[in-house]
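Next up, protein.json (JSON, C-alpha atoms):
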[["chain", "number", "residue", "atom", "x", "y", "z"],
["A", 18, "MET", "CA", -27.67, -100.78, 158.55],
["A", 19, "GLN", "CA", -27.65, -99.74, 154.91],
["A", 20, "LEU", "CA", -29.34, -101.51, 152.03],
["A", 21, "SER", "CA", -27.65, -101.77, 148.67],
["A", 22, "LEU", "CA", -28.89, -103.10, 145.34],
["A", 23, "GLY", "CA", -26.38, -105.05, 143.30],
["A", 24, "PRO", "CA", -26.18, -104.84, 139.50],
["A", 25, "VAL", "CA", -28.64, -106.76, 137.33],
["A", 26, "LEU", "CA", -26.79, -109.97, 136.51],
["A", 27, "TYR", "CA", -29.21, -111.20, 133.85],
["A", 28, "ASN", "CA", -29.71, -110.08, 130.25],
["A", 29, "TRP", "CA", -32.90, -108.06, 130.50],
["A", 30, "GLN", "CA", -34.32, -106.10, 127.58],
["A", 31, "PRO", "CA", -32.76, -102.60, 127.63],
["A", 32, "ASP", "CA", -36.05, -100.75, 128.11],
["A", 33, "HIS", "CA", -37.05, -103.06, 130.92],
["A", 34, "TRP", "CA", -33.59, -102.63, 132.49],
["A", 35, "ARG", "CA", -33.92, -98.82, 132.33],
["A", 36, "ASP", "CA", -37.44, -98.81, 133.74],
["A", 37, "PHE", "CA", -36.39, -101.16, 136.54],
["A", 38, "TYR", "CA", -33.76, -98.70, 137.75],
["A", 39, "PHE", "CA", -36.09, -95.74, 137.32],
["A", 40, "ARG", "CA", -38.54, -97.44, 139.67],
["A", 41, "ILE", "CA", -35.73, -98.31, 142.10],
["A", 42, "ALA", "CA", -34.75, -94.62, 142.12],
["A", 43, "ASP", "CA", -38.30, -93.43, 142.75],
["A", 44, "GLU", "CA", -39.62, -96.07, 145.15],
["A", 45, "ALA", "CA", -37.02, -98.39, 146.70],
["A", 46, "PRO", "CA", -35.63, -97.61, 150.18],
["A", 47, "VAL", "CA", -32.04, -98.50, 149.27],
["A", 48, "ASP", "CA", -28.99, -96.37, 149.98],
["A", 49, "VAL", "CA", -26.56, -97.64, 147.36],
["A", 50, "VAL", "CA", -27.15, -98.97, 143.84],
["A", 51, "ALA", "CA", -24.57, -100.72, 141.63],
["A", 52, "VAL", "CA", -25.16, -100.45, 137.89],
["A", 53, "GLY", "CA", -23.53, -101.62, 134.70],
["A", 54, "GLU", "CA", -23.06, -104.88, 132.82],
["A", 55, "ILE", "CA", -20.59, -106.96, 134.82],
["A", 56, "VAL", "CA", -21.19, -110.49, 133.52],
["A", 57, "CYS", "CA", -20.69, -110.37, 129.74],
["A", 58, "SER", "CA", -18.94, -107.54, 127.91],
["A", 59, "LYS", "CA", -20.91, -108.34, 124.74],
["A", 60, "ARG", "CA", -24.12, -107.22, 126.45],
["A", 61, "ALA", "CA", -22.81, -103.83, 127.58],
["A", 62, "PRO", "CA", -23.59, -101.85, 124.37],
["A", 63, "PHE", "CA", -27.31, -102.61, 124.81],
["A", 64, "PHE", "CA", -27.42, -100.61, 128.03],
["A", 65, "ASP", "CA", -24.89, -97.86, 127.32],
["A", 66, "GLU", "CA", -27.43, -95.42, 125.93],
["A", 67, "HIS", "CA", -29.62, -95.73, 129.04],
["A", 68, "LEU", "CA", -26.82, -95.63, 131.61],
["A", 69, "PRO", "CA", -26.45, -91.82, 131.94],
["A", 70, "ALA", "CA", -30.19, -91.36, 132.49],
["A", 71, "VAL", "CA", -30.28, -94.20, 135.01],
["A", 72, "ILE", "CA", -27.35, -92.77, 136.97],
["A", 73, "GLU", "CA", -28.88, -89.28, 136.96],
["A", 74, "ARG", "CA", -32.26, -90.58, 138.15],
["A", 75, "LEU", "CA", -30.66, -92.58, 140.97],
["A", 76, "GLU", "CA", -28.44, -89.73, 142.13],
["A", 77, "ASN", "CA", -31.31, -87.24, 142.02],
["A", 78, "ALA", "CA", -33.15, -89.63, 144.35],
["A", 79, "GLY", "CA", -30.28, -89.37, 146.84],
["A", 80, "LYS", "CA", -28.77, -92.80, 146.22],
["A", 81, "THR", "CA", -25.05, -93.49, 145.96],
["A", 82, "VAL", "CA", -24.24, -95.05, 142.58],
["A", 83, "LEU", "CA", -21.48, -97.62, 142.04],
["A", 84, "LEU", "CA", -20.22, -98.32, 138.52],
["A", 85, "GLY", "CA", -19.53, -102.06, 138.35],
["A", 86, "SER", "CA", -16.52, -103.46, 136.52],
["A", 87, "LEU", "CA", -16.51, -106.78, 134.66],
["A", 88, "ILE", "CA", -16.17, -109.92, 136.76],
["A", 89, "LEU", "CA", -13.78, -111.57, 134.29],
["A", 90, "VAL", "CA", -11.44, -109.58, 132.05],
["A", 91, "SER", "CA", -9.85, -111.83, 129.42],
["A", 92, "GLN", "CA", -9.70, -109.92, 126.13],
["A", 93, "PRO", "CA", -8.02, -106.67, 124.99],
["A", 94, "ARG", "CA", -11.36, -104.91, 124.44],
["A", 95, "GLU", "CA", -12.40, -105.89, 127.97],
["A", 96, "ARG", "CA", -9.17, -104.44, 129.37],
["A", 97, "ARG", "CA", -9.87, -101.22, 127.49],
["A", 98, "GLN", "CA", -13.44, -101.19, 128.77],
["A", 99, "THR", "CA", -12.24, -101.65, 132.34],
["A", 100, "ALA", "CA", -9.64, -98.90, 132.03],
["A", 101, "ALA", "CA", -12.22, -96.51, 130.58],
["A", 102, "LEU", "CA", -14.58, -97.22, 133.47],
["A", 103, "ALA", "CA", -11.86, -96.41, 135.99],
["A", 104, "GLU", "CA", -11.26, -93.04, 134.32],
["A", 105, "VAL", "CA", -14.79, -91.83, 135.08],
["A", 106, "ALA", "CA", -14.14, -88.70, 137.11],
["A", 107, "ASP", "CA", -17.23, -88.58, 139.29],
["A", 108, "GLY", "CA", -18.19, -92.23, 139.61],
["A", 109, "LEU", "CA", -17.37, -94.55, 142.49],
["A", 110, "VAL", "CA", -16.20, -97.75, 140.80],
["A", 111, "GLU", "CA", -17.02, -101.17, 142.25],
["A", 112, "VAL", "CA", -14.10, -103.47, 141.50],
["A", 113, "ASN", "CA", -15.12, -107.00, 140.52],
["A", 114, "ASP", "CA", -11.81, -108.07, 138.96],
["A", 115, "LEU", "CA", -8.35, -107.07, 140.20],
["A", 116, "THR", "CA", -7.48, -105.86, 136.69],
["A", 117, "CYS", "CA", -9.45, -102.75, 137.58],
["A", 118, "LEU", "CA", -7.23, -101.85, 140.54],
["A", 119, "ARG", "CA", -4.36, -100.76, 138.32],
["A", 120, "SER", "CA", -6.47, -97.97, 136.87],
["A", 121, "ILE", "CA", -7.98, -96.89, 140.19],
["A", 122, "SER", "CA", -4.58, -95.66, 141.46],
["A", 123, "GLY", "CA", -5.54, -95.26, 145.12],
["A", 124, "ARG", "CA", -8.83, -93.48, 144.49],
["A", 125, "PRO", "CA", -11.77, -94.28, 146.78],
["A", 126, "HIS", "CA", -13.64, -97.28, 145.42],
["A", 127, "ALA", "CA", -15.81, -100.25, 146.39],
["A", 128, "ILE", "CA", -15.02, -103.96, 146.21],
["A", 129, "GLY", "CA", -17.68, -106.31, 144.88],
["A", 130, "PRO", "CA", -18.46, -109.84, 146.11],
["A", 131, "PHE", "CA", -16.58, -111.40, 143.17],
["A", 132, "VAL", "CA", -13.16, -110.48, 144.60],
["A", 133, "ASN", "CA", -11.88, -113.22, 146.90],
["A", 134, "ILE", "CA", -11.52, -111.41, 150.22],
["A", 135, "TYR", "CA", -11.49, -114.30, 152.66],
["A", 136, "ASN", "CA", -9.47, -112.94, 155.60],
["A", 137, "GLU", "CA", -8.40, -109.87, 157.54],
["A", 138, "ALA", "CA", -5.11, -109.46, 155.65],
["A", 139, "ALA", "CA", -6.84, -109.27, 152.27],
["A", 140, "ALA", "CA", -9.41, -106.78, 153.58],
["A", 141, "SER", "CA", -6.69, -104.63, 155.14],
["A", 142, "PHE", "CA", -4.73, -104.62, 151.88],
["A", 143, "HIS", "CA", -7.72, -103.37, 149.90],
["A", 144, "ALA", "CA", -8.56, -100.79, 152.55],
["A", 145, "GLY", "CA", -5.01, -99.52, 152.14],
["A", 146, "GLN", "CA", -5.57, -99.26, 148.39],
["A", 147, "GLY", "CA", -8.58, -96.98, 148.91],
["A", 148, "ALA", "CA", -11.53, -99.35, 149.33],
["A", 149, "THR", "CA", -14.30, -97.67, 151.34],
["A", 150, "ARG", "CA", -16.86, -100.46, 150.91],
["A", 151, "ILE", "CA", -16.33, -104.22, 150.66],
["A", 152, "CYS", "CA", -19.11, -106.65, 149.77],
["A", 153, "LEU", "CA", -17.72, -109.95, 150.98],
["A", 154, "PRO", "CA", -17.98, -113.20, 148.98],
["A", 155, "PRO", "CA", -21.32, -114.87, 149.78],
["A", 156, "GLU", "CA", -19.77, -118.19, 150.80],
["A", 157, "LEU", "CA", -18.14, -116.81, 153.99],
["A", 158, "PRO", "CA", -19.47, -117.95, 157.40],
["A", 159, "LEU", "CA", -20.38, -115.31, 159.97],
["A", 160, "ALA", "CA", -17.27, -115.95, 162.09],
["A", 161, "SER", "CA", -15.08, -114.93, 159.14],
["A", 162, "VAL", "CA", -17.34, -111.97, 158.33],
["A", 163, "ALA", "CA", -17.07, -110.70, 161.90],
["A", 164, "ALA", "CA", -13.28, -111.11, 161.98],
["A", 165, "ILE", "CA", -12.90, -109.15, 158.75],
["A", 166, "ALA", "CA", -15.27, -106.41, 159.90],
["A", 167, "ALA", "CA", -13.30, -106.00, 163.15],
["A", 168, "ALA", "CA", -10.01, -105.73, 161.23],
["A", 169, "VAL", "CA", -11.18, -102.83, 159.01],
["A", 170, "PRO", "CA", -13.61, -100.73, 161.06],
["A", 171, "GLN", "CA", -13.13, -97.79, 158.68],
["A", 172, "VAL", "CA", -14.63, -99.81, 155.81],
["A", 173, "VAL", "CA", -18.34, -100.48, 155.27],
["A", 174, "ILE", "CA", -18.60, -104.27, 155.29],
["A", 175, "GLU", "CA", -21.50, -105.65, 153.29],
["A", 176, "VAL", "CA", -22.91, -109.14, 152.85],
["A", 177, "PHE", "CA", -24.98, -110.72, 150.09],
["A", 178, "ALA", "CA", -28.41, -110.95, 151.74],
["A", 179, "PHE", "CA", -30.95, -111.69, 148.98],
["A", 180, "GLY", "CA", -30.88, -113.33, 145.57],
["A", 181, "ARG", "CA", -29.45, -116.30, 143.73],
["A", 182, "VAL", "CA", -25.81, -116.57, 144.76],
["A", 183, "PRO", "CA", -23.20, -115.98, 142.05],
["A", 184, "LEU", "CA", -20.87, -118.98, 142.27],
["A", 185, "ALA", "CA", -18.59, -118.93, 139.23],
["A", 186, "ILE", "CA", -17.73, -117.15, 136.00],
["A", 187, "SER", "CA", -16.27, -118.78, 132.89],
["A", 188, "ALA", "CA", -14.89, -117.91, 129.48],
["A", 189, "ARG", "CA", -17.42, -120.38, 128.05],
["A", 190, "CYS", "CA", -21.06, -119.44, 127.48],
["A", 191, "TYR", "CA", -23.42, -122.09, 128.80],
["A", 192, "HIS", "CA", -26.50, -120.47, 127.31],
["A", 193, "ALA", "CA", -24.96, -120.56, 123.84],
["A", 194, "ARG", "CA", -23.98, -124.22, 124.28],
["A", 195, "VAL", "CA", -27.49, -125.22, 125.39],
["A", 196, "HIS", "CA", -28.89, -123.66, 122.21],
["A", 197, "LYS", "CA", -26.15, -125.28, 120.06],
["A", 198, "LEU", "CA", -24.56, -121.92, 119.28],
["A", 199, "ALA", "CA", -20.98, -120.67, 119.48],
["A", 200, "LYS", "CA", -20.12, -118.01, 122.04],
["A", 201, "ASP", "CA", -19.08, -115.56, 119.31],
["A", 202, "ASN", "CA", -22.43, -116.05, 117.59],
["A", 203, "CYS", "CA", -24.62, -116.53, 120.65],
["A", 204, "ARG", "CA", -27.52, -114.38, 119.39],
["A", 205, "PHE", "CA", -27.80, -113.23, 123.01],
["A", 206, "VAL", "CA", -30.08, -116.17, 123.79],
["A", 207, "CYS", "CA", -29.59, -115.55, 127.52],
["A", 208, "ASP", "CA", -32.30, -112.89, 127.20],
["A", 209, "LYS", "CA", -34.82, -115.74, 127.03],
["A", 210, "ASP", "CA", -34.31, -116.37, 130.75],
["A", 211, "MET", "CA", -34.85, -113.20, 132.79],
["A", 212, "ASP", "CA", -34.20, -115.10, 136.01],
["A", 213, "GLY", "CA", -31.56, -117.47, 134.68],
["A", 214, "LEU", "CA", -31.91, -120.98, 133.30],
["A", 215, "VAL", "CA", -32.34, -123.74, 135.88],
["A", 216, "VAL", "CA", -29.96, -126.70, 135.54],
["A", 217, "LYS", "CA", -31.27, -130.11, 136.61],
["A", 218, "THR", "CA", -29.37, -133.20, 137.65],
["A", 219, "LEU", "CA", -29.70, -136.53, 135.84],
["A", 220, "ASP", "CA", -32.30, -137.37, 138.50],
["A", 221, "ASN", "CA", -34.31, -134.33, 137.39],
["A", 222, "GLN", "CA", -33.63, -132.33, 140.54],
["A", 223, "ASP", "CA", -33.15, -128.56, 140.36],
["A", 224, "PHE", "CA", -29.44, -127.94, 140.93],
["A", 225, "LEU", "CA", -27.96, -124.66, 139.69],
["A", 226, "THR", "CA", -28.87, -121.66, 137.53],
["A", 227, "ILE", "CA", -26.93, -120.47, 134.50],
["A", 228, "ASN", "CA", -26.75, -116.95, 133.14],
["A", 229, "GLY", "CA", -24.62, -116.83, 130.00],
["A", 230, "VAL", "CA", -21.05, -117.34, 131.21],
["A", 231, "GLN", "CA", -22.10, -117.27, 134.86],
["A", 232, "THR", "CA", -23.17, -120.02, 137.26],
["A", 233, "LEU", "CA", -25.48, -119.17, 140.17],
["A", 234, "SER", "CA", -27.23, -121.12, 142.88],
["A", 235, "HIS", "CA", -30.75, -122.40, 142.31],
["A", 236, "ALA", "CA", -31.82, -121.46, 145.83],
["A", 237, "CYS", "CA", -32.36, -117.82, 146.75],
["A", 238, "THR", "CA", -30.39, -116.47, 149.70],
["A", 239, "ASN", "CA", -32.51, -114.70, 152.30],
["A", 240, "LEU", "CA", -30.75, -113.50, 155.46],
["A", 241, "LEU", "CA", -33.68, -111.67, 157.03],
["A", 242, "ARG", "CA", -33.77, -114.02, 160.02],
["A", 243, "ASP", "CA", -30.02, -113.48, 160.53],
["A", 244, "VAL", "CA", -30.05, -109.67, 160.61],
["A", 245, "GLU", "CA", -29.44, -109.37, 164.35],
["A", 246, "LYS", "CA", -26.40, -111.67, 164.20],
["A", 247, "LEU", "CA", -25.06, -109.76, 161.20],
["A", 248, "GLU", "CA", -25.35, -106.46, 163.03],
["A", 249, "GLN", "CA", -23.57, -107.93, 166.04],
["A", 250, "GLY", "CA", -20.85, -109.15, 163.66],
["A", 251, "GLY", "CA", -20.09, -105.64, 162.42],
["A", 252, "VAL", "CA", -21.93, -105.81, 159.10],
["A", 253, "ARG", "CA", -23.07, -102.35, 158.04],
["A", 254, "SER", "CA", -24.81, -103.05, 154.74],
["A", 255, "LEU", "CA", -26.96, -105.78, 153.18],
["A", 256, "ARG", "CA", -26.91, -106.40, 149.44],
["A", 257, "LEU", "CA", -30.02, -107.32, 147.49],
["A", 258, "SER", "CA", -29.39, -108.89, 144.09],
["A", 259, "PRO", "CA", -32.05, -108.21, 141.43],
["A", 260, "GLN", "CA", -34.26, -111.16, 140.53],
["A", 261, "ALA", "CA", -37.32, -111.31, 138.26],
["A", 262, "CYS", "CA", -39.70, -110.27, 141.01],
["A", 263, "ASP", "CA", -40.84, -107.03, 142.66],
["A", 264, "MET", "CA", -37.49, -105.81, 143.98],
["A", 265, "VAL", "CA", -39.00, -102.59, 145.31],
["A", 266, "GLU", "CA", -41.21, -104.66, 147.59],
["A", 267, "VAL", "CA", -38.24, -106.86, 148.55],
["A", 268, "ALA", "CA", -36.31, -103.73, 149.54],
["A", 269, "ARG", "CA", -39.28, -102.37, 151.50],
["A", 270, "THR", "CA", -39.57, -105.65, 153.37],
["A", 271, "PHE", "CA", -35.90, -105.66, 154.33],
["A", 272, "ARG", "CA", -36.14, -102.02, 155.40],
["A", 273, "ASP", "CA", -39.23, -102.71, 157.51],
["A", 274, "VAL", "CA", -37.46, -105.56, 159.31],
["A", 275, "LEU", "CA", -34.29, -103.53, 159.85],
["A", 276, "ASP", "CA", -36.29, -100.61, 161.24],
["A", 277, "GLY", "CA", -38.42, -102.79, 163.52],
["A", 278, "ARG", "CA", -41.73, -102.23, 161.73],
["A", 279, "LYS", "CA", -42.00, -105.90, 160.82],
["A", 280, "SER", "CA", -40.69, -109.08, 162.41],
["A", 281, "ALA", "CA", -38.17, -111.22, 160.56],
["A", 282, "GLU", "CA", -40.71, -114.05, 160.43],
["A", 283, "ALA", "CA", -43.37, -111.82, 158.86],
["A", 284, "GLY", "CA", -40.77, -110.43, 156.46],
["A", 285, "CYS", "CA", -39.74, -113.90, 155.32],
["A", 286, "ARG", "CA", -43.35, -114.91, 154.74],
["A", 287, "HIS", "CA", -43.84, -111.79, 152.64],
["A", 288, "ILE", "CA", -40.67, -112.47, 150.61],
["A", 289, "GLU", "CA", -41.98, -115.96, 149.84],
["A", 290, "GLN", "CA", -45.10, -114.35, 148.37],
["A", 291, "ILE", "CA", -43.07, -111.84, 146.35],
["A", 292, "TYR", "CA", -40.70, -114.49, 144.98],
["A", 293, "PRO", "CA", -42.63, -117.79, 145.11],
["A", 294, "ASN", "CA", -41.64, -121.31, 144.12],
["A", 295, "VAL", "CA", -37.92, -120.74, 144.72],
["A", 296, "PRO", "CA", -36.17, -122.52, 147.63],
["A", 297, "VAL", "CA", -34.62, -120.31, 150.31],
["A", 298, "ALA", "CA", -31.09, -120.72, 151.68],
["A", 299, "ASN", "CA", -28.71, -119.26, 154.25],
["A", 300, "GLY", "CA", -26.33, -122.19, 154.64],
["A", 301, "PHE", "CA", -23.09, -120.40, 153.77],
["A", 302, "LEU", "CA", -23.51, -117.91, 156.63],
["A", 303, "HIS", "CA", -23.92, -120.82, 159.07],
["A", 304, "GLY", "CA", -20.95, -122.81, 157.78],
["A", 305, "ALA", "CA", -23.35, -125.33, 156.23],
["A", 306, "PRO", "CA", -23.89, -126.36, 152.58],
["A", 307, "GLY", "CA", -24.89, -123.24, 150.68],
["A", 308, "PHE", "CA", -28.19, -124.63, 149.41],
["A", 309, "SER", "CA", -29.44, -125.42, 152.92],
["A", 310, "TYR", "CA", -31.50, -123.36, 155.32],
["A", 311, "VAL", "CA", -30.48, -123.23, 158.98],
["A", 312, "ALA", "CA", -32.97, -122.10, 161.62],
["A", 313, "SER", "CA", -32.09, -118.72, 163.13],
["A", 314, "ASP", "CA", -32.14, -120.08, 166.69],
["A", 315, "LYS", "CA", -29.13, -122.31, 165.97],
["A", 316, "PRO", "CA", -25.57, -121.02, 166.64],
["A", 317, "VAL", "CA", -23.88, -119.42, 163.65],
["A", 318, "GLY", "CA", -20.41, -120.79, 162.86]]
As structure tokens, how would this structure be written, given the file I've shared?
Amino acid sequence: MQLSLGPVLYNWQPDHWRDFYFRIADEAPVDVVAVGEIVCSKRAPFFDEHLPAVIERLENAGKTVLLGSLILVSQPRERRQTAALAEVADGLVEVNDLTCLRSISGRPHAIGPFVNIYNEAAASFHAGQGATRICLPPELPLASVAAIAAAVPQVVIEVFAFGRVPLAISARCYHARVHKLAKDNCRFVCDKDMDGLVVKTLDNQDFLTINGVQTLSHACTNLLRDVEKLEQGGVRSLRLSPQACDMVEVARTFRDVLDGRKSAEAGCRHIEQIYPNVPVANGFLHGAPGFSYVASDKPVG
């Protein structure tokens, strides 16, 4: 079972973003790392100057690097940005919007969890287009994951195993609206919330998390207790999504559980210490509401 690290979804300060990946390269037991700004094209220039050094550091550490495309391509400059990414000669692109496929032209590539691959036919189509890795949408139950994995045994099937779940992307910027700003003059206020901004209901209950134009869950997915079932279902990689916590230690914990050095129970207790005061969920995998947590001894549907 491989471990992968997804791209940073939040608007971190560029130096912090660079240093985060440097530490991942030097210390984290992950096999694959996705990099690049995939949520908001306006943020991308902040990280461009650091991207070559980050990629070099990761590759020198023996990690496979994926270059993530934008989740939502809606403007001419975003189409140009996506086409330019696909022209990178040596990089393995992770497709997050089907706009990117046109430029890939049958080259080997990865598919991110933002592409709606919900069945065997869709997975087989993308495998035929050159996909070598597919990170499935996080809302799929295990029965669907297993069916897809069986249909494309030549493809590394990955599931979203840790982090706040990305649920939706929009052309509107929620962070700008909250601060009474227009999207075109947002002042990049999303950088005030390194872990996203929690949305509460009218009853003052924590509900969702917003990140600029993106909506995520409030609860943090943690599939450590479901690892055995995932392996039996043909899953070959687990994705960790960066949160504002010690992601190196999160990766070490997952690796220890996968390699049998730590029990799933002990691993979960350690994760709760690393990333405290955030509810844990695995409902989607069990065919239950996504925000819920289902005990590992119950059947997975």
Counting only C-alpha atoms, which residues have an atom no more than 7 Å from (-22.7, -115.7, 153.2) in the file's coordinates? Please list them as a PyMOL selection string. chain A and resi 154-158+176-177+301-302
Please list as a PyMOL selection string every residue within 7 Å of Trp29 in chain A, counting all atoms listed in the file and excluding residues in the same chain fewer than 3 positions away. chain A and resi 33-34+208+211
Residues within 7 Å of Lys80 in chain A, please, as a compact mmCIF listing (two decimals) with C-alpha atoms, keeping the file's coordinate frame. Count only C-alpha atoms; anything in the same chain fewer than 6 positions from it doesn't count.
# COMPACT_ATOMS: atom_id res chain seq x y z
CA ASP A 48 -28.99 -96.37 149.98
CA VAL A 49 -26.56 -97.64 147.36
CA VAL A 50 -27.15 -98.97 143.84
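Remark: for Lys279 in chain A, the closest of the candidate residues A:Arg242, A:Val206, A:Ala164, A:Val90 is A:Arg242 (distances computed over all atoms listed in the file).
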Which protein, DNA or RNA residues are at most 9 Å from (-29.1, -106.8, 150.1) in the file's coordinates when you count all atoms listed in the file, listed as a ChimeraX atom specification? /A:19-23,47,175-180,239-240,254-258,268,271
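In this model, the gap between CA of Ala140 in chain A and CA of Val112 in chain A comes to 13.4 Å.
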I want to know what sits within 7 Å of range 100-105 of chain A, based on all atoms listed in the file, with residues of the same chain fewer than 4 positions away left out; could you give that as an NGL selection string? :A and (96 or 110 or 117 or 120-121)
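The list of residues with at least one atom within 9 Å of Leu89 in chain A, based on only C-alpha atoms and without residues fewer than 2 positions apart in the same chain, reads Ile55, Val56, Cys57, Ser86, Leu87, Ser91, Glu95, Asn113, Asp114, Thr116, Ile186, Ser187 and Ala188 of chain A.
Closest approach to His235 in chain A among A:Leu184, A:Val71, A:Leu275, A:Cys203: A:Leu184, based on all atoms listed in the file.
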Given all atoms listed in the file as the counted atoms, nearest of A:Asp32, A:Glu137, A:Glu248, A:Asp210 to Asp65 in chain A: A:Asp32
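The gap separating CA of Gly251 in chain A from CA of Ala283 in chain A is 24.3 Å, in Å to one decimal.
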Write out as a VMD selection string which residues come within 9 Å of Ala78 in chain A when counting all atoms listed in the file, dropping same-chain ones fewer than 5 positions away. chain A and resid 42 to 43 73
Pick from A:Gln249, A:Thr238, A:Gln290, A:Ser141, whichever lies nearest to Thr270 in chain A using all atoms listed in the file: A:Gln290
From the list A:Val215, A:Ile134, A:Ala144, A:Cys237, which residue is nearest His192 in chain A when using only C-alpha atoms? A:Val215
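Here CA of Asn133 in chain A stands at a distance of 14.3 Å from CA of Arg150 in chain A.
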Return the single residue from A:Gln146, A:His303, A:Ala138, A:Ile41 that is closest to Leu75 in chain A, with distances computed using all atoms listed in the file. A:Ile41
Generate the coordinates of N, CA and C atoms for range 76-87 of chain A; report them as an mmCIF file, in the coordinates of the input.
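The file below, selection34.cif, is the result:
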data_model
loop_
_atom_site.group_PDB
_atom_site.id
_atom_site.type_symbol
_atom_site.label_atom_id
_atom_site.label_comp_id
_atom_site.auth_asym_id
_atom_site.auth_seq_id
_atom_site.Cartn_x
_atom_site.Cartn_y
_atom_site.Cartn_z
ATOM 1 N N GLU A 76 -29.108 -90.749 141.325
ATOM 2 C CA GLU A 76 -28.440 -89.730 142.130
ATOM 3 C C GLU A 76 -29.394 -88.626 142.545
ATOM 4 N N ASN A 77 -30.311 -88.261 141.664
ATOM 5 C CA ASN A 77 -31.310 -87.240 142.020
ATOM 6 C C ASN A 77 -32.217 -87.723 143.147
ATOM 7 N N ALA A 78 -32.342 -89.058 143.273
ATOM 8 C CA ALA A 78 -33.150 -89.630 144.350
ATOM 9 C C ALA A 78 -32.355 -89.790 145.639
ATOM 10 N N GLY A 79 -31.100 -89.327 145.640
ATOM 11 C CA GLY A 79 -30.280 -89.370 146.840
ATOM 12 C C GLY A 79 -29.547 -90.670 147.071
ATOM 13 N N LYS A 80 -29.435 -91.500 146.054
ATOM 14 C CA LYS A 80 -28.770 -92.800 146.220
ATOM 15 C C LYS A 80 -27.323 -92.716 145.718
ATOM 16 N N THR A 81 -26.432 -93.385 146.405
ATOM 17 C CA THR A 81 -25.050 -93.490 145.960
ATOM 18 C C THR A 81 -24.973 -94.527 144.832
ATOM 19 N N VAL A 82 -24.324 -94.165 143.738
ATOM 20 C CA VAL A 82 -24.240 -95.050 142.580
ATOM 21 C C VAL A 82 -22.825 -95.617 142.452
ATOM 22 N N LEU A 83 -22.747 -96.930 142.309
ATOM 23 C CA LEU A 83 -21.480 -97.620 142.040
ATOM 24 C C LEU A 83 -21.474 -98.081 140.592
ATOM 25 N N LEU A 84 -20.369 -97.867 139.904
ATOM 26 C CA LEU A 84 -20.220 -98.320 138.520
ATOM 27 C C LEU A 84 -19.451 -99.640 138.533
ATOM 28 N N GLY A 85 -20.131 -100.735 138.232
ATOM 29 C CA GLY A 85 -19.530 -102.060 138.350
ATOM 30 C C GLY A 85 -18.588 -102.392 137.212
ATOM 31 N N SER A 86 -17.437 -102.982 137.547
ATOM 32 C CA SER A 86 -16.520 -103.460 136.520
ATOM 33 C C SER A 86 -16.834 -104.912 136.185
ATOM 34 N N LEU A 87 -16.305 -105.393 135.067
ATOM 35 C CA LEU A 87 -16.510 -106.780 134.660
ATOM 36 C C LEU A 87 -15.957 -107.758 135.701
#
